>>> print(open('my_file08.cif').read())   # mmCIF, C-alpha atoms
data_model
#
loop_
_atom_site.group_PDB
_atom_site.id
_atom_site.type_symbol
_atom_site.label_atom_id
_atom_site.label_comp_id
_atom_site.auth_asym_id
_atom_site.auth_seq_id
_atom_site.Cartn_x
_atom_site.Cartn_y
_atom_site.Cartn_z
ATOM 1 C CA MET A 1 6.057 -7.080 -5.449
ATOM 2 C CA LEU A 2 7.279 -4.669 -8.121
ATOM 3 C CA LYS A 3 4.630 -3.395 -10.504
ATOM 4 C CA ILE A 4 5.663 -2.336 -13.968
ATOM 5 C CA TYR A 5 3.685 0.417 -15.670
ATOM 6 C CA ASN A 6 2.685 -0.685 -19.124
ATOM 7 C CA GLY A 7 -0.188 1.685 -19.845
ATOM 8 C CA ARG A 8 -2.777 -0.920 -18.839
ATOM 9 C CA GLY A 9 -2.234 -0.938 -15.109
ATOM 10 C CA GLY A 10 0.499 -0.795 -12.545
ATOM 11 C CA ASN A 11 2.021 2.428 -11.302
ATOM 12 C CA PRO A 12 1.883 5.536 -13.497
ATOM 13 C CA PRO A 13 5.098 7.240 -14.603
ATOM 14 C CA ALA A 14 6.724 9.338 -11.872
ATOM 15 C CA GLU A 15 5.934 12.656 -13.558
ATOM 16 C CA ASN A 16 2.229 11.869 -13.206
ATOM 17 C CA LEU A 17 2.292 11.133 -9.479
ATOM 18 C CA GLU A 18 0.253 13.347 -7.181
ATOM 19 C CA ASN A 19 3.306 14.818 -5.456
ATOM 20 C CA GLY A 20 4.695 16.004 -8.810
ATOM 21 C CA ILE A 21 8.246 14.890 -8.002
ATOM 22 C CA ASN A 22 10.172 13.325 -10.835
ATOM 23 C CA PRO A 23 12.817 10.915 -9.452
ATOM 24 C CA ALA A 24 15.261 12.020 -12.180
ATOM 25 C CA GLU A 25 15.170 15.537 -10.710
ATOM 26 C CA THR A 26 16.024 14.297 -7.216
ATOM 27 C CA LYS A 27 19.363 12.817 -8.291
ATOM 28 C CA LEU A 28 22.313 14.666 -6.780
ATOM 29 C CA THR A 29 24.507 14.241 -9.841
ATOM 30 C CA LEU A 30 24.285 14.191 -13.615
ATOM 31 C CA THR A 31 26.227 12.355 -16.273
ATOM 32 C CA VAL A 32 27.751 14.370 -19.100
ATOM 33 C CA ASP A 33 24.979 13.123 -21.404
ATOM 34 C CA GLU A 34 22.372 14.400 -18.914
ATOM 35 C CA LEU A 35 24.272 17.699 -18.706
ATOM 36 C CA ALA A 36 23.995 18.010 -22.485
ATOM 37 C CA GLN A 37 20.235 17.440 -22.268
ATOM 38 C CA GLN A 38 19.804 19.906 -19.392
ATOM 39 C CA LEU A 39 21.769 22.646 -21.186
ATOM 40 C CA ASN A 40 20.319 21.801 -24.600
ATOM 41 C CA VAL A 41 23.783 21.464 -26.140
ATOM 42 C CA SER A 42 25.524 18.678 -28.014
ATOM 43 C CA ARG A 43 27.261 15.845 -26.213
ATOM 44 C CA THR A 44 30.593 17.094 -27.571
ATOM 45 C CA THR A 45 29.977 20.586 -26.176
ATOM 46 C CA ALA A 46 28.974 19.142 -22.793
ATOM 47 C CA TYR A 47 32.189 17.081 -22.639
ATOM 48 C CA SER A 48 34.271 20.133 -23.590
ATOM 49 C CA LEU A 49 32.637 22.147 -20.819
ATOM 50 C CA ALA A 50 32.931 19.368 -18.215
ATOM 51 C CA ARG A 51 36.657 18.954 -18.921
ATOM 52 C CA LYS A 52 37.457 22.639 -18.304
ATOM 53 C CA LYS A 53 39.385 23.279 -15.095
ATOM 54 C CA ASP A 54 37.205 26.281 -14.177
ATOM 55 C CA PHE A 55 33.922 24.336 -14.548
ATOM 56 C CA TYR A 56 33.689 23.432 -10.867
ATOM 57 C CA PRO A 57 30.416 21.444 -10.969
ATOM 58 C CA ALA A 58 32.292 18.586 -12.696
ATOM 59 C CA PHE A 59 34.491 16.105 -10.868
ATOM 60 C CA ARG A 60 35.842 12.635 -11.493
ATOM 61 C CA ILE A 61 35.004 9.378 -9.815
ATOM 62 C CA GLY A 62 37.493 6.970 -11.299
ATOM 63 C CA HIS A 63 37.382 7.660 -15.026
ATOM 64 C CA ARG A 64 33.819 8.994 -14.982
ATOM 65 C CA LEU A 65 33.015 12.679 -15.206
ATOM 66 C CA ILE A 66 30.175 13.521 -12.819
ATOM 67 C CA ILE A 67 28.365 16.854 -12.479
ATOM 68 C CA SER A 68 26.896 18.063 -9.196
ATOM 69 C CA ARG A 69 23.331 19.249 -9.838
ATOM 70 C CA GLN A 70 23.513 21.792 -6.979
ATOM 71 C CA ALA A 71 26.878 23.190 -8.144
ATOM 72 C CA LEU A 72 25.593 23.325 -11.732
ATOM 73 C CA ASN A 73 22.643 25.464 -10.623
ATOM 74 C CA ARG A 74 25.035 27.817 -8.788
ATOM 75 C CA TRP A 75 27.327 27.970 -11.830
ATOM 76 C CA LEU A 76 24.373 28.776 -14.101
ATOM 77 C CA ASP A 77 23.269 31.569 -11.746
ATOM 78 C CA GLU A 78 26.783 33.014 -11.823
ATOM 79 C CA GLN A 79 26.828 32.933 -15.637
ATOM 80 C CA THR A 80 23.592 34.904 -15.839
ATOM 81 C CA GLU A 81 24.407 37.570 -13.235
ATOM 82 C CA VAL A 82 24.529 41.105 -14.582
ATOM 83 C CA SER A 83 27.909 42.766 -14.040
#
>>> encode(input="my_file08.cif", output="structure tokens")
Amino acid sequence: MLKIYNGRGGNPPAENLENGINPAETKLTLTVDELAQQLNVSRTTAYSLARKKDFYPAFRIGHRLIISRQALNRWLDEQTEVS
């Protein structure tokens, strides 16, 4: 039986679980809206970035733009490397 957390019982939100793992952080991919949230940029900026040919974390599944979380972390590390 599925329990819904409503503040008066049921399961607590995932970020409060003992193991400290947030299910949203275990997803392998992000949407462009989630990318915007992660990078703290506007949705328009996130779409512009995701559509660039050299932004390799983004790929298409059908008409959807999807961002690989692992590739995004690599890309971010590359952007912050000192030359």
>>> atom_distance(input="my_file08.cif", atom1="CA of Arg64 (chain A)", atom2="CA of Thr26 (chain A)")
20.1 Å
>>> atom_distance(input="my_file08.cif", atom1="CA of Gly20 (chain A)", atom2="CA of Ala71 (chain A)")
23.3 Å
>>> resolve_selection(input="my_file08.cif", expression="the PyMOL selection byres ((chain A and resi 35-44) around 10)", output="PyMOL selection string")
chain A and resi 29-34+45-50+66-69+72+76
>>> axis_aligned_box(input="my_file08.cif", around="region 49-62 of chain A", padding_each_side="6 Å", output="AutoDock Vina command-line options")
--center_x 34.9 --center_y 16.6 --center_z -15.3 --size_x 21.0 --size_y 31.3 --size_z 23.0
>>> residues_around(input="my_file08.cif", residues="region 77-82 of chain A", least_positions_apart="6", cutoff="12 Å", atoms="all atoms listed in the file", output="list in words")
Phe55, Tyr56, Gln70 and Ala71 of chain A
>>> decode(input="my_file08.cif", residues="region 50-75 of chain A", atoms="N, CA and C atoms", output="mmCIF file, in the first residue's frame")
data_model
loop_
_atom_site.group_PDB
_atom_site.id
_atom_site.type_symbol
_atom_site.label_atom_id
_atom_site.label_comp_id
_atom_site.auth_asym_id
_atom_site.auth_seq_id
_atom_site.Cartn_x
_atom_site.Cartn_y
_atom_site.Cartn_z
ATOM 1 N N ALA A 50 21.546 24.179 -24.405
ATOM 2 C CA ALA A 50 21.261 22.789 -24.766
ATOM 3 C C ALA A 50 21.201 22.588 -26.277
ATOM 4 N N ARG A 51 20.873 23.629 -27.021
ATOM 5 C CA ARG A 51 20.779 23.511 -28.480
ATOM 6 C C ARG A 51 22.123 23.673 -29.188
ATOM 7 N N LYS A 52 23.161 24.107 -28.461
ATOM 8 C CA LYS A 52 24.472 24.283 -29.084
ATOM 9 C C LYS A 52 25.072 22.928 -29.449
ATOM 10 N N LYS A 53 25.687 22.872 -30.607
ATOM 11 C CA LYS A 53 26.292 21.622 -31.090
ATOM 12 C C LYS A 53 27.431 21.151 -30.186
ATOM 13 N N ASP A 54 28.182 22.094 -29.595
ATOM 14 C CA ASP A 54 29.331 21.705 -28.773
ATOM 15 C C ASP A 54 28.965 21.448 -27.307
ATOM 16 N N PHE A 55 27.687 21.513 -26.953
ATOM 17 C CA PHE A 55 27.246 21.179 -25.599
ATOM 18 C C PHE A 55 26.875 19.700 -25.593
ATOM 19 N N TYR A 56 27.888 18.852 -25.406
ATOM 20 C CA TYR A 56 27.704 17.408 -25.559
ATOM 21 C C TYR A 56 26.834 16.724 -24.507
ATOM 22 N N PRO A 57 26.576 17.319 -23.331
ATOM 23 C CA PRO A 57 25.675 16.617 -22.408
ATOM 24 C C PRO A 57 24.234 16.500 -22.910
ATOM 25 N N ALA A 58 23.853 17.331 -23.890
ATOM 26 C CA ALA A 58 22.471 17.323 -24.382
ATOM 27 C C ALA A 58 22.332 16.402 -25.592
ATOM 28 N N PHE A 59 21.224 15.705 -25.644
ATOM 29 C CA PHE A 59 20.898 14.862 -26.792
ATOM 30 C C PHE A 59 19.384 14.812 -26.921
ATOM 31 N N ARG A 60 18.932 14.351 -28.053
ATOM 32 C CA ARG A 60 17.492 14.294 -28.320
ATOM 33 C C ARG A 60 16.976 12.863 -28.233
ATOM 34 N N ILE A 61 15.808 12.752 -27.665
ATOM 35 C CA ILE A 61 15.015 11.529 -27.740
ATOM 36 C C ILE A 61 13.689 11.980 -28.338
ATOM 37 N N GLY A 62 13.494 11.658 -29.595
ATOM 38 C CA GLY A 62 12.343 12.202 -30.309
ATOM 39 C C GLY A 62 12.526 13.707 -30.442
ATOM 40 N N HIS A 63 11.567 14.457 -29.970
ATOM 41 C CA HIS A 63 11.654 15.919 -30.017
ATOM 42 C C HIS A 63 12.154 16.507 -28.705
ATOM 43 N N ARG A 64 12.357 15.655 -27.707
ATOM 44 C CA ARG A 64 12.766 16.150 -26.385
ATOM 45 C C ARG A 64 14.266 16.309 -26.293
ATOM 46 N N LEU A 65 14.681 17.410 -25.686
ATOM 47 C CA LEU A 65 16.092 17.617 -25.357
ATOM 48 C C LEU A 65 16.321 17.053 -23.964
ATOM 49 N N ILE A 66 17.281 16.173 -23.830
ATOM 50 C CA ILE A 66 17.611 15.526 -22.565
ATOM 51 C C ILE A 66 19.072 15.828 -22.263
ATOM 52 N N ILE A 67 19.396 15.992 -20.978
ATOM 53 C CA ILE A 67 20.768 16.287 -20.575
ATOM 54 C C ILE A 67 21.255 15.172 -19.657
ATOM 55 N N SER A 68 22.391 14.596 -19.997
ATOM 56 C CA SER A 68 23.004 13.567 -19.162
ATOM 57 C C SER A 68 23.620 14.239 -17.935
ATOM 58 N N ARG A 69 23.209 13.795 -16.750
ATOM 59 C CA ARG A 69 23.733 14.385 -15.512
ATOM 60 C C ARG A 69 25.248 14.161 -15.408
ATOM 61 N N GLN A 70 25.711 12.956 -15.744
ATOM 62 C CA GLN A 70 27.133 12.626 -15.652
ATOM 63 C C GLN A 70 27.943 13.476 -16.637
ATOM 64 N N ALA A 71 27.466 13.590 -17.887
ATOM 65 C CA ALA A 71 28.164 14.398 -18.882
ATOM 66 C C ALA A 71 28.139 15.873 -18.504
ATOM 67 N N LEU A 72 27.038 16.330 -17.906
ATOM 68 C CA LEU A 72 26.959 17.723 -17.456
ATOM 69 C C LEU A 72 28.022 18.001 -16.399
ATOM 70 N N ASN A 73 28.198 17.089 -15.459
ATOM 71 C CA ASN A 73 29.227 17.278 -14.429
ATOM 72 C C ASN A 73 30.622 17.334 -15.046
ATOM 73 N N ARG A 74 30.884 16.484 -16.037
ATOM 74 C CA ARG A 74 32.177 16.533 -16.746
ATOM 75 C C ARG A 74 32.344 17.865 -17.464
ATOM 76 N N TRP A 75 31.293 18.296 -18.165
ATOM 77 C CA TRP A 75 31.331 19.555 -18.908
ATOM 78 C C TRP A 75 31.598 20.721 -17.965
#
